[in-house]
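**Student:** Input model_20.cif, format and content: mmCIF, C-alpha atoms.
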```cif
data_upload
#
loop_
_atom_site.label_atom_id
_atom_site.label_comp_id
_atom_site.auth_asym_id
_atom_site.auth_seq_id
_atom_site.Cartn_x
_atom_site.Cartn_y
_atom_site.Cartn_z
CA MET A 1 27.89 24.79 5.17
CA ALA A 2 31.48 25.56 4.09
CA PRO A 3 34.35 23.15 4.81
CA HIS A 4 36.04 25.47 7.30
CA ASP A 5 32.90 25.38 9.49
CA LEU A 6 33.50 21.71 10.31
CA HIS A 7 34.96 20.86 13.70
CA ARG A 8 34.37 17.20 14.46
CA PRO A 9 34.18 13.92 12.58
CA PHE A 10 30.74 12.45 12.15
CA LYS A 11 29.57 8.87 11.67
CA ARG A 12 25.93 8.20 10.84
CA PRO A 13 24.76 4.84 12.20
CA ALA A 14 24.52 2.18 9.48
CA ILE A 15 21.00 1.21 8.43
CA SER A 16 21.93 -1.52 5.93
CA ASP A 17 24.62 -4.06 5.02
CA GLN A 18 25.97 -1.83 2.23
CA GLU A 19 29.46 -1.61 3.78
CA ARG A 20 29.73 -5.40 4.06
CA ARG A 21 28.74 -5.77 0.40
CA ARG A 22 31.38 -3.21 -0.58
CA GLU A 23 34.05 -5.32 1.10
CA GLN A 24 32.75 -8.46 -0.59
CA SER A 25 32.70 -6.75 -3.97
CA LEU A 26 36.36 -5.72 -3.65
CA LEU A 27 37.32 -9.27 -2.72
CA ARG A 28 35.29 -10.74 -5.56
CA GLN A 29 36.86 -8.54 -8.23
CA ALA A 30 40.34 -9.61 -7.11
CA GLN A 31 39.38 -13.29 -7.31
CA ASN A 32 37.39 -13.25 -10.54
CA ARG A 33 39.33 -11.40 -13.21
CA GLN A 34 37.36 -11.85 -16.42
CA ASP A 35 38.59 -12.10 -20.00
CA ALA A 36 38.25 -8.33 -20.35
CA GLN A 37 39.38 -8.08 -23.96
CA ARG A 38 36.93 -10.71 -25.19
CA HIS A 39 34.12 -9.10 -23.23
CA ALA A 40 34.89 -5.63 -24.63
CA ARG A 41 35.04 -6.99 -28.19
CA PHE A 42 31.65 -8.62 -27.83
CA LEU A 43 30.14 -5.50 -26.26
CA ALA A 44 31.36 -3.35 -29.15
CA SER A 45 30.02 -5.86 -31.68
CA ALA A 46 26.65 -6.01 -29.93
CA ALA A 47 26.37 -2.22 -29.85
CA LEU A 48 27.00 -1.93 -33.59
CA SER A 49 24.94 -4.88 -34.79
CA LEU A 50 21.95 -5.04 -32.43
CA PRO A 51 18.75 -4.57 -34.44
CA PRO A 52 16.76 -1.33 -33.94
CA GLN A 53 14.24 -1.48 -31.12
CA SER A 54 10.75 -2.49 -32.09
CA SER A 55 7.64 -3.48 -30.22
CA GLU A 56 7.81 -7.10 -29.12
CA PRO A 57 5.07 -8.85 -27.17
CA GLU A 58 5.55 -8.99 -23.42
CA SER A 59 5.46 -12.78 -23.55
CA GLU A 60 8.93 -13.04 -25.08
CA PRO A 61 11.04 -15.58 -23.16
CA LYS A 62 13.26 -14.13 -20.46
CA PRO A 63 17.04 -14.54 -20.93
CA GLU A 64 19.37 -15.81 -18.26
CA PRO A 65 20.51 -12.92 -16.03
CA GLU A 66 24.17 -13.29 -17.03
CA PHE A 67 26.17 -14.93 -19.79
CA GLU A 68 29.43 -16.73 -19.20
CA LEU A 69 32.27 -15.70 -21.47
CA ALA A 70 32.03 -18.96 -23.42
CA GLU A 71 28.43 -18.08 -24.27
CA PHE A 72 29.08 -14.61 -25.71
CA GLU A 73 29.03 -15.82 -29.29
CA ALA A 74 25.75 -17.66 -28.70
CA ALA A 75 24.34 -14.52 -27.10
CA SER A 76 24.86 -12.62 -30.33
CA LYS A 77 22.27 -14.92 -31.94
CA LEU A 78 19.57 -14.12 -29.39
CA LYS A 79 16.32 -12.50 -30.42
CA ALA A 80 16.45 -8.72 -30.42
CA VAL A 81 14.47 -8.33 -27.20
CA GLU A 82 16.73 -10.77 -25.36
CA ALA A 83 19.91 -9.25 -26.76
CA ARG A 84 18.84 -5.79 -25.59
CA LYS A 85 18.17 -7.14 -22.10
CA TRP A 86 21.68 -8.58 -22.07
CA PHE A 87 23.11 -5.30 -23.31
CA ALA A 88 21.26 -3.34 -20.61
CA LYS A 89 23.15 -5.31 -17.93
CA GLN A 90 26.60 -4.26 -19.16
CA LEU A 91 26.63 -0.71 -17.76
CA MET A 92 28.18 -0.23 -14.33
CA LEU A 93 25.27 1.05 -12.26
CA PRO A 94 25.72 2.76 -8.88
CA GLU A 95 23.88 1.83 -5.76
CA TRP A 96 22.17 4.65 -3.90
CA MET A 97 24.07 5.87 -0.85
CA ILE A 98 22.11 4.78 2.20
CA ASP A 99 25.15 4.50 4.49
CA ILE A 100 28.35 6.56 4.46
CA PRO A 101 31.29 4.36 3.36
CA ASN A 102 34.27 3.83 5.62
CA ASN A 103 37.36 5.76 4.48
CA LEU A 104 35.24 7.96 2.21
CA ALA A 105 37.85 10.73 2.22
CA GLN A 106 40.77 8.43 1.40
CA ASP A 107 39.34 5.78 -0.93
CA TRP A 108 36.73 7.59 -3.03
CA PHE A 109 36.34 10.10 -5.85
CA VAL A 110 33.31 12.35 -6.20
CA PHE A 111 31.85 14.38 -9.06
CA ALA A 112 28.62 16.11 -9.99
CA ARG A 113 26.57 13.82 -12.21
CA PRO A 114 25.22 15.45 -15.38
CA SER A 115 21.49 15.20 -15.93
CA GLY A 116 20.64 13.24 -19.06
CA LYS A 117 20.56 9.84 -20.73
CA ARG A 118 23.09 7.24 -19.60
CA CYS A 119 24.56 5.30 -22.51
CA PHE A 120 27.48 3.44 -24.03
CA VAL A 121 29.25 5.18 -26.92
CA VAL A 122 31.11 2.82 -29.26
CA SER A 123 33.38 3.93 -32.11
CA CYS A 124 34.44 1.31 -34.65
CA ASN A 125 34.86 0.87 -38.42
CA GLY A 126 34.50 4.56 -39.19
CA ALA A 127 31.22 5.01 -37.31
CA THR A 128 29.99 5.91 -33.81
CA ILE A 129 26.85 4.67 -32.10
CA SER A 130 25.33 5.36 -28.69
CA ARG A 131 22.95 2.97 -26.95
CA LEU A 132 20.76 3.60 -23.93
CA ARG A 133 20.44 1.34 -20.88
CA ASN A 134 17.64 -0.65 -22.54
CA GLY A 135 19.78 -1.29 -25.64
CA ALA A 136 17.89 1.18 -27.84
CA VAL A 137 19.92 3.34 -30.24
CA LEU A 138 20.22 6.97 -29.15
CA HIS A 139 22.39 8.28 -32.02
CA ARG A 140 24.42 7.03 -34.99
CA PHE A 141 26.93 9.68 -35.94
CA PRO A 142 30.49 10.51 -37.01
CA SER A 143 32.81 11.53 -34.18
CA GLY A 144 36.36 12.52 -33.38
CA LEU A 145 36.89 9.32 -31.44
CA PRO A 146 39.34 6.72 -32.79
CA SER A 147 37.80 5.06 -35.87
CA GLY A 148 34.67 7.07 -35.20
CA ALA A 149 34.32 8.75 -38.62
CA ARG A 150 36.09 8.53 -41.96
CA LYS A 151 39.33 6.96 -40.84
CA LYS A 152 38.90 3.25 -40.42
CA ASP A 153 41.21 1.05 -38.38
CA PRO A 154 40.69 -2.34 -36.74
CA SER A 155 40.45 -0.91 -33.22
CA TYR A 156 37.34 0.04 -31.28
CA SER A 157 36.64 2.17 -28.20
CA ILE A 158 33.83 2.08 -25.63
CA LEU A 159 32.94 5.03 -23.40
CA ASP A 160 30.40 5.28 -20.59
CA CYS A 161 28.61 8.59 -21.11
CA ILE A 162 25.65 10.76 -20.18
CA PHE A 163 24.06 12.65 -23.07
CA HIS A 164 23.09 16.14 -21.91
CA GLU A 165 20.24 17.33 -24.09
CA ALA A 166 20.51 21.06 -23.35
CA ASP A 167 23.96 21.50 -24.89
CA GLN A 168 23.92 18.36 -27.10
CA THR A 169 27.06 17.08 -25.37
CA TYR A 170 28.23 13.63 -24.37
CA TYR A 171 29.76 13.90 -20.90
CA VAL A 172 32.18 10.99 -20.48
CA ILE A 173 32.18 9.54 -16.98
CA ASP A 174 34.15 6.33 -17.55
CA MET A 175 36.11 4.34 -20.12
CA VAL A 176 35.59 0.62 -20.77
CA CYS A 177 37.92 0.11 -23.73
CA TRP A 178 40.35 2.29 -25.72
CA ARG A 179 41.65 1.33 -29.17
CA GLY A 180 41.00 -2.31 -28.36
CA TYR A 181 42.73 -2.14 -24.97
CA PRO A 182 40.21 -3.25 -22.28
CA LEU A 183 40.05 -1.27 -19.03
CA SER A 184 37.31 -3.11 -17.14
CA ASP A 185 39.87 -4.90 -14.96
CA CYS A 186 41.67 -1.65 -14.15
CA THR A 187 40.98 0.47 -11.08
CA ALA A 188 38.85 3.60 -11.30
CA GLU A 189 41.94 5.62 -10.45
CA PHE A 190 43.74 4.31 -13.54
CA ARG A 191 40.66 4.47 -15.79
CA PHE A 192 40.06 8.14 -14.95
CA PHE A 193 43.71 9.00 -15.61
CA TRP A 194 43.66 7.10 -18.92
CA LEU A 195 40.38 8.72 -19.90
CA THR A 196 41.73 12.22 -19.40
CA SER A 197 45.03 11.66 -21.17
CA LYS A 198 43.77 9.62 -24.12
CA LEU A 199 40.72 11.71 -25.02
CA ALA A 200 42.94 14.79 -25.06
CA GLU A 201 44.86 13.19 -27.95
CA THR A 202 41.73 13.10 -30.15
CA ASP A 203 39.36 15.63 -31.70
CA ALA A 204 36.53 14.61 -29.37
CA PHE A 205 36.60 17.93 -27.51
CA GLU A 206 36.34 19.98 -30.70
CA PRO A 207 33.12 21.86 -31.58
CA PRO A 208 30.61 19.93 -33.71
CA SER A 209 31.38 19.70 -37.44
CA HIS A 210 30.49 17.58 -40.47
CA TYR A 211 32.74 14.75 -39.30
CA HIS A 212 32.13 15.29 -35.60
CA LYS A 213 28.42 15.74 -34.93
CA TYR A 214 28.39 15.89 -31.11
CA ARG A 215 30.85 17.41 -28.68
CA PHE A 216 32.38 15.27 -25.96
CA SER A 217 33.39 16.67 -22.58
CA LEU A 218 34.71 15.48 -19.23
CA VAL A 219 33.52 16.23 -15.73
CA PRO A 220 35.72 17.57 -12.90
CA VAL A 221 36.57 14.67 -10.60
CA PHE A 222 37.65 15.35 -7.01
CA ASN A 223 39.22 13.40 -4.21
CA CYS A 224 36.41 13.02 -1.69
CA ASP A 225 37.94 14.98 1.18
CA SER A 226 35.95 17.85 2.69
CA ASN A 227 37.20 20.37 0.12
CA GLY A 228 36.65 18.08 -2.85
CA LEU A 229 33.17 17.06 -1.71
CA TYR A 230 32.17 20.67 -1.12
CA ALA A 231 33.49 21.66 -4.56
CA ALA A 232 31.61 18.83 -6.31
CA TYR A 233 28.45 19.85 -4.48
CA SER A 234 28.68 23.62 -4.86
CA ALA A 235 31.02 24.55 -7.73
CA PRO A 236 29.35 25.67 -10.99
CA VAL A 237 29.49 23.29 -13.96
CA PRO A 238 28.36 23.75 -17.59
CA TYR A 239 25.62 21.14 -17.24
CA VAL A 240 22.52 20.58 -15.14
CA LYS A 241 23.45 18.55 -12.07
CA ASP A 242 21.59 15.41 -11.09
CA GLY A 243 23.18 14.52 -7.77
CA LEU A 244 26.69 13.38 -6.90
CA LEU A 245 28.46 10.21 -8.03
CA PHE A 246 31.02 8.53 -5.77
CA TYR A 247 33.51 6.00 -7.17
CA ASN A 248 35.74 3.78 -5.06
CA LYS A 249 39.29 4.33 -6.32
CA HIS A 250 40.01 0.58 -6.33
CA ALA A 251 36.84 -0.46 -8.14
CA HIS A 252 37.00 -2.26 -11.48
CA TYR A 253 34.36 -1.58 -14.11
CA GLN A 254 31.73 -4.09 -13.00
CA ALA A 255 28.69 -4.72 -15.17
CA GLY A 256 25.43 -4.30 -13.27
CA ILE A 257 24.70 -2.74 -9.90
CA THR A 258 27.71 -2.32 -7.62
CA PRO A 259 28.20 -0.84 -4.12
CA LEU A 260 31.62 0.44 -5.26
CA ALA A 261 29.84 3.27 -7.08
CA LEU A 262 27.23 5.35 -5.27
CA VAL A 263 24.78 8.09 -6.15
CA TRP A 264 23.45 10.66 -3.70
CA LYS A 265 21.27 13.70 -4.21
CA ASP A 266 19.29 16.41 -2.47
CA GLU A 267 17.11 19.29 -3.66
CA ASN A 268 20.13 21.60 -4.05
CA CYS A 269 21.97 19.43 -6.57
CA SER A 270 19.12 17.71 -8.38
CA GLN A 271 15.70 18.56 -9.75
CA TYR A 272 14.55 15.02 -9.06
CA VAL A 273 15.07 13.79 -5.51
CA LEU A 274 11.77 12.04 -4.86
CA ASP A 275 10.42 9.70 -7.54
CA THR A 276 7.33 10.87 -9.43
CA ASP A 277 4.34 8.99 -10.80
CA SER A 278 3.26 8.68 -14.44
CA LYS A 279 1.83 12.22 -14.28
CA GLY A 280 5.10 13.72 -13.03
CA GLN A 281 3.72 14.27 -9.53
CA VAL A 282 5.30 13.14 -6.26
CA PRO A 283 2.83 10.60 -4.79
CA ASN A 284 1.78 10.78 -1.15
CA GLN A 285 3.07 7.25 -0.62
CA GLN A 286 6.38 5.92 -1.87
CA GLN A 287 6.11 3.72 -4.96
CA VAL A 288 8.41 0.87 -6.02
CA VAL A 289 8.79 -1.24 -9.17
CA LEU A 290 9.47 -4.95 -8.63
CA GLU A 291 9.88 -7.93 -10.95
CA LEU A 292 7.52 -10.90 -10.78
CA GLN A 293 9.28 -14.28 -10.61
CA ASP A 294 8.05 -17.78 -11.58
CA ASP A 295 7.14 -18.61 -7.99
CA GLY A 296 5.20 -15.36 -7.49
CA LYS A 297 7.96 -13.62 -5.55
CA LEU A 298 8.50 -9.89 -6.09
CA THR A 299 12.15 -8.96 -6.36
CA THR A 300 14.52 -6.06 -6.94
CA SER A 301 17.08 -5.79 -9.75
CA ASP A 302 20.01 -6.61 -7.44
CA ASP A 303 22.27 -9.64 -7.85
CA PRO A 304 21.21 -11.59 -5.88
CA PRO A 305 17.75 -10.02 -5.89
CA MET A 306 16.02 -8.89 -2.71
CA VAL A 307 12.55 -10.38 -2.14
CA PHE A 308 9.91 -7.81 -1.11
CA GLY A 309 6.85 -10.02 -1.08
CA CYS A 310 4.83 -12.60 -3.00
CA LEU A 311 1.67 -12.58 -5.12
CA ASP A 312 -0.99 -15.26 -4.89
CA GLY A 313 -1.18 -17.57 -7.91
CA SER A 314 -4.87 -16.90 -8.49
CA PHE A 315 -4.30 -13.14 -8.46
CA ILE A 316 -1.48 -13.54 -10.99
CA GLN A 317 -3.71 -15.57 -13.29
CA GLN A 318 -6.72 -13.26 -12.97
CA SER A 319 -4.57 -10.18 -13.65
CA GLY A 320 -2.93 -11.68 -16.74
CA LEU A 321 0.55 -11.39 -15.25
CA HIS A 322 3.55 -13.62 -15.93
CA SER A 323 7.14 -14.09 -14.88
CA GLY A 324 9.32 -11.13 -15.85
CA CYS A 325 6.55 -8.52 -15.55
CA LEU A 326 7.61 -5.25 -13.91
CA LEU A 327 4.92 -4.24 -11.44
CA ARG A 328 4.33 -1.01 -9.53
CA PHE A 329 3.39 -0.97 -5.84
CA SER A 330 2.85 1.68 -3.20
CA ILE A 331 4.24 1.26 0.30
CA GLY A 332 1.48 1.51 2.88
CA GLU A 333 1.48 2.70 6.47
CA GLY A 334 3.25 -0.49 7.56
CA GLY A 335 6.32 0.79 5.69
CA LEU A 336 9.54 -1.19 5.41
CA VAL A 337 10.80 -3.29 8.32
CA LEU A 338 14.54 -4.08 8.42
CA MET A 339 16.39 -6.71 10.45
CA ASP A 340 20.21 -6.57 10.56
CA GLY A 341 20.32 -4.35 7.48
CA LYS A 342 18.07 -6.64 5.43
CA LEU A 343 14.41 -6.35 4.54
CA ASP A 344 12.12 -8.34 6.82
CA LYS A 345 8.70 -7.04 5.77
CA ALA A 346 7.18 -4.58 3.28
CA ASP A 347 3.60 -3.25 3.26
CA LEU A 348 2.98 -3.46 -0.52
CA HIS A 349 -0.18 -2.39 -2.36
CA TYR A 350 -0.51 -3.33 -6.04
CA LEU A 351 -1.02 -0.43 -8.47
CA GLY A 352 -0.51 -2.05 -11.87
CA LYS A 353 2.14 -2.78 -14.49
CA ALA A 354 5.12 -0.45 -14.80
CA ASN A 355 5.83 1.55 -17.93
CA ARG A 356 6.98 -0.83 -20.68
CA ALA A 357 9.93 1.46 -21.44
CA ARG A 358 11.52 0.45 -18.13
CA ALA A 359 14.47 -1.90 -18.45
CA SER A 360 14.50 -3.28 -14.90
CA ALA A 361 13.02 -3.21 -11.42
CA ASP A 362 14.19 -0.83 -8.70
CA SER A 363 17.30 -1.78 -6.75
CA PHE A 364 17.12 -2.31 -3.01
CA SER A 365 19.37 0.70 -2.36
CA LYS A 366 17.12 2.95 -4.46
CA VAL A 367 14.04 1.87 -2.51
CA MET A 368 15.88 2.50 0.75
CA PHE A 369 17.22 5.87 -0.41
CA GLN A 370 13.73 7.02 -1.38
CA HIS A 371 12.42 5.77 1.96
CA SER A 372 15.22 7.61 3.78
CA VAL A 373 14.53 10.87 1.92
CA ARG A 374 10.93 10.74 3.07
CA HIS A 375 11.71 9.92 6.71
CA SER A 376 15.36 10.53 7.72
CA PRO A 377 17.46 11.85 4.84
CA LEU A 378 21.24 11.64 4.68
CA ARG A 379 22.14 15.33 4.32
CA ILE A 380 25.16 17.08 2.84
CA ASP A 381 26.30 18.36 6.24
CA GLY A 382 26.48 14.75 7.45
CA LEU A 383 28.59 13.81 4.43
CA LEU A 384 30.86 16.80 4.91
CA GLU A 385 31.35 16.05 8.59
CA SER A 386 32.20 12.42 7.80
CA VAL A 387 35.15 13.48 5.62
CA SER A 388 36.29 16.51 7.64
CA LEU A 389 40.02 16.56 8.19
CA PRO A 390 42.46 19.48 8.54
CA VAL A 391 43.21 20.71 5.05
CA ASP A 392 45.77 23.43 4.42
CA GLN A 393 45.27 24.06 0.78
CA GLU A 394 42.33 25.49 -1.10
CA SER A 395 39.91 23.10 -2.79
CA LYS A 396 40.87 21.96 -6.23
CA ALA A 397 40.22 19.02 -8.46
CA CYS A 398 42.59 16.09 -8.06
CA ASP A 399 45.39 15.26 -10.49
CA ILE A 400 43.03 13.38 -12.79
CA GLU A 401 40.57 16.24 -13.17
CA MET A 402 38.40 15.54 -16.19
CA ASP A 403 37.77 18.97 -17.69
CA GLY A 404 36.62 19.21 -21.27
#
```
The structure given in the file should be rewritten as structure tokens.

**Tutor:**
Amino acid sequence: MAPHDLHRPFKRPAISDQERRREQSLLRQAQNRQDAQRHARFLASAALSLPPQSSEPESEPKPEPEFELAEFEAASKLKAVEARKWFAKQLMLPEWMIDIPNNLAQDWFVFARPSGKRCFVVSCNGATISRLRNGAVLHRFPSGLPSGARKKDPSYSILDCIFHEADQTYYVIDMVCWRGYPLSDCTAEFRFFWLTSKLAETDAFEPPSHYHKYRFSLVPVFNCDSNGLYAAYSAPVPYVKDGLLFYNKHAHYQAGITPLALVWKDENCSQYVLDTDSKGQVPNQQQVVLELQDDGKLTTSDDPPMVFGCLDGSFIQQSGLHSGCLLRFSIGEGGLVLMDGKLDKADLHYLGKANRARASADSFSKVMFQHSVRHSPLRIDGLLESVSLPVDQESKACDIEMDG
């Protein structure tokens, strides 16, 4: 469906409290401005000094879910497995779009998400390192980023990237810190502008060379009006698409899962819409991964977590399970029952432990998105109708287009 085919605004009925949580998140970020520079400095130090990943026993003690700023130095002394779990919580992770946000056309950006490995890229002291969501090192390499190769200076930079295997390129989707200047307390609108202008001043976009092993590139970012959304969805890009990412223009860079960033996909813009099992097959019944708590409750990775059910103590003991285990369940015929946008009941059937490579449980929005795809998917025509307004000019990327 092309933008000019749209005639009336559309509003899909809300099926969750996602909009309310968006409003709360915007209020919270205005009230709780963190020490962004100290946080960025610690994050860069952790990325460079964290020991290589090795196999630790599953019985390692579980760290606290968050560290206060005063505890950052103590966190650097944690065991490797705990430090990696802390590091994994520092990326800004999108919720899955299960309801269309209010003011989507006015307050949001949209871009096609590259398929690949999400990671932090840190340049400091003449070296560059990338770390995956679970804290494991992806690459150590020289780069054209500030202080990323031969030239050493006291500054450091932190980029939020997706490594695209096919063309060996880091696609930069956000900027956390630049030459020691923290950006986590800046709006997405400012961060995207800064990202475009500052990276253009470096050699990061140059072809790979001895002192610049991997190419960096930007993605085209659009205002999420009907033309911009259609362009993000349909326009060709040099990478394999894996859905669309939506960023609220006023959102700060918030560590962890946030409703101010959203991911949406369908079969036309992603190879992977429905989750697959360990054999790469789409199971007949939806599967979810939940974390086992001390009291036997099964929760999502959200903050605060959503409780999906509870395991009996005797079953936990007989199965050799313990707090912190990630467990896989199928959702039976009873499905998911919601009350006022919140989960009331889930028909869970235990399948076993999740893959040990997983860093966290599923989020509530992911479970609901997968459930929606199977039963009543949010389609692109609904999104396009929700942002349809008279537009006189041809679709083009907004002023902060991030082209590499």

**Student:** Point out the residue among A:Ala235, A:Leu159, A:Leu244, A:Met175 with the least atom-to-atom distance to Val122 (chain A), counting only C-alpha atoms.

**Tutor:** A:Leu159

**Student:** Take CA of Arg150 (chain A) and CA of His212 (chain A) and report the distance between them in Å, one decimal.

**Tutor:**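 If I compute the distance from CA of Arg150 (chain A) to CA of His212 (chain A), I get 10.1 Å.
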
**Student:** With only C-alpha atoms as the basis for distance, which of A:Gly352, A:Gly382, A:Pro283, A:Pro114 is at the shortest distance from Ile173 (chain A)?

**Tutor:** A:Pro114

**Student:** Record the distance separating CA of Ser319 (chain A) and CA of Asp295 (chain A), expressed in Å with one decimal.

**Tutor:**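 Result for CA of Ser319 (chain A) versus CA of Asp295 (chain A): 15.5 Å, one decimal.
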
**Student:** A:Leu292, A:Ala359, A:Cys177, A:Leu343: which is nearest Trp194 (chain A), counting all atoms listed in the file?

**Tutor:**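 Comparing A:Leu292, A:Ala359, A:Cys177, A:Leu343 against Trp194 (chain A), the winner is A:Cys177.
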
**Student:** One number please: CA of Val219 (chain A) to CA of Ala255 (chain A), in Å, one decimal.

**Tutor:** 21.5 Å

**Student:** Taking all atoms listed in the file into account, which of A:Ser130, A:Asn227, A:Thr202, A:Thr258 comes nearest Gln24 (chain A)?

**Tutor:**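 Counting all atoms listed in the file, the residue closest to Gln24 (chain A) is A:Thr258.
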
**Student:** Choose the residue, out of A:Ala354, A:Met306, A:Val367, A:Leu195, that has the smallest atom-to-atom separation from Ser278 (chain A); count all atoms listed in the file.

**Tutor:** A:Ala354

**Student:** Please identify all polymer residues within 10 Å of Lys117 (chain A), counting all atoms listed in the file, omitting same-chain residues fewer than 5 positions from it, and present them as a ChimeraX atom specification.

**Tutor:** /A:131-133,138,161-165,170

**Student:** As JSON, what would the box around region 295-306 of chain A look like: edges along x, y and z, 5 Å added on every side, centre and edge lengths in Å to one decimal?

**Tutor:**
```
{"center_x": 13.7, "center_y": -12.2, "center_z": -6.2, "size_x": 27.1, "size_y": 22.8, "size_z": 17.0}
```

**Student:** Any chance you could work out the residue set of the PyMOL selection byres ((chain A and resi 94) around 6) here, as a PyMOL selection string?

**Tutor:** chain A and resi 93+95+257-258+261-262

**Student:** Under the rule that only C-alpha atoms are counted, which of A:Asp302, A:Asp225, A:Asp347, A:Asp167 is the nearest residue to Gly332 (chain A)?

**Tutor:**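 Looking only at the distances to Gly332 (chain A), the closest residue turns out to be A:Asp347.
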
**Student:** Just say which residues the PyMOL selection byres ((chain A and resi 267-276) around 12) picks in this file, as number ranges by chain.

**Tutor:** A: 96, 111-116, 230-237, 239-245, 263-266, 277-289, 330, 362, 366-375, 377, 379-380

**Student:** If you count only C-alpha atoms, which residues fall within 10 Å of Glu291 (chain A), apart from same-chain ones fewer than 3 positions away, as a ChimeraX atom specification?

**Tutor:** /A:296-301,305,307-308,322-328,353-354,360-362

**Student:** Counting only C-alpha atoms, which residues come within 9 Å of (37.0, 11.0, -3.4), with the point read in the file's coordinates, and could you list them as a PyMOL selection string?

**Tutor:** chain A and resi 104-111+221-225+228-229+246-249+398

**Student:** Mind telling me what the PyMOL selection byres ((chain A and resi 198) around 12) catches here, as a list in words?

**Tutor:** Leu145, Pro146, Ser157, Leu159, Met175, Cys177, Trp178, Arg179, Tyr181, Phe190, Arg191, Phe192, Phe193, Trp194, Leu195, Thr196, Ser197, Leu199, Ala200, Glu201, Thr202, Asp203, Ala204, Phe205, Leu218, Ile400 and Met402 of chain A

**Student:** Select region 322-334 of chain A in the preceding structure and write N, CA, C and O atoms to a file as a short mmCIF file (atom, residue, chain, number, x, y, z; two decimals), in the first residue's frame.

**Tutor:**
```cif
data_model
loop_
_atom_site.label_atom_id
_atom_site.label_comp_id
_atom_site.auth_asym_id
_atom_site.auth_seq_id
_atom_site.Cartn_x
_atom_site.Cartn_y
_atom_site.Cartn_z
N HIS A 322 17.51 -23.77 39.87
CA HIS A 322 17.81 -22.81 40.93
C HIS A 322 17.49 -21.41 40.45
O HIS A 322 17.26 -21.17 39.24
N SER A 323 17.47 -20.49 41.37
CA SER A 323 17.17 -19.10 41.05
C SER A 323 18.14 -18.57 40.00
O SER A 323 19.34 -18.81 40.06
N GLY A 324 17.59 -17.88 39.01
CA GLY A 324 18.41 -17.33 37.93
C GLY A 324 18.40 -18.17 36.67
O GLY A 324 18.84 -17.70 35.62
N CYS A 325 17.90 -19.42 36.76
CA CYS A 325 17.82 -20.28 35.57
C CYS A 325 16.86 -19.67 34.55
O CYS A 325 15.79 -19.17 34.90
N LEU A 326 17.24 -19.75 33.27
CA LEU A 326 16.36 -19.36 32.19
C LEU A 326 15.70 -20.62 31.66
O LEU A 326 16.38 -21.56 31.23
N LEU A 327 14.37 -20.65 31.70
CA LEU A 327 13.61 -21.84 31.37
C LEU A 327 12.68 -21.59 30.19
O LEU A 327 12.12 -20.50 30.04
N ARG A 328 12.52 -22.63 29.37
CA ARG A 328 11.68 -22.52 28.18
C ARG A 328 10.33 -23.21 28.43
O ARG A 328 10.28 -24.31 28.97
N PHE A 329 9.27 -22.52 28.01
CA PHE A 329 7.91 -23.05 28.14
C PHE A 329 7.17 -22.88 26.82
O PHE A 329 7.47 -21.98 26.03
N SER A 330 6.20 -23.74 26.59
CA SER A 330 5.26 -23.53 25.50
C SER A 330 3.97 -22.99 26.09
O SER A 330 3.67 -23.20 27.28
N ILE A 331 3.21 -22.27 25.28
CA ILE A 331 1.93 -21.73 25.71
C ILE A 331 0.83 -22.62 25.15
O ILE A 331 0.70 -22.78 23.93
N GLY A 332 0.07 -23.24 26.06
CA GLY A 332 -0.94 -24.20 25.66
C GLY A 332 -2.20 -23.56 25.12
O GLY A 332 -2.26 -22.34 24.85
N GLU A 333 -3.24 -24.37 24.99
CA GLU A 333 -4.50 -23.91 24.40
C GLU A 333 -5.17 -22.83 25.24
O GLU A 333 -5.95 -22.04 24.73
N GLY A 334 -4.85 -22.79 26.53
CA GLY A 334 -5.41 -21.74 27.38
C GLY A 334 -4.89 -20.36 27.06
O GLY A 334 -5.50 -19.35 27.43
#
```
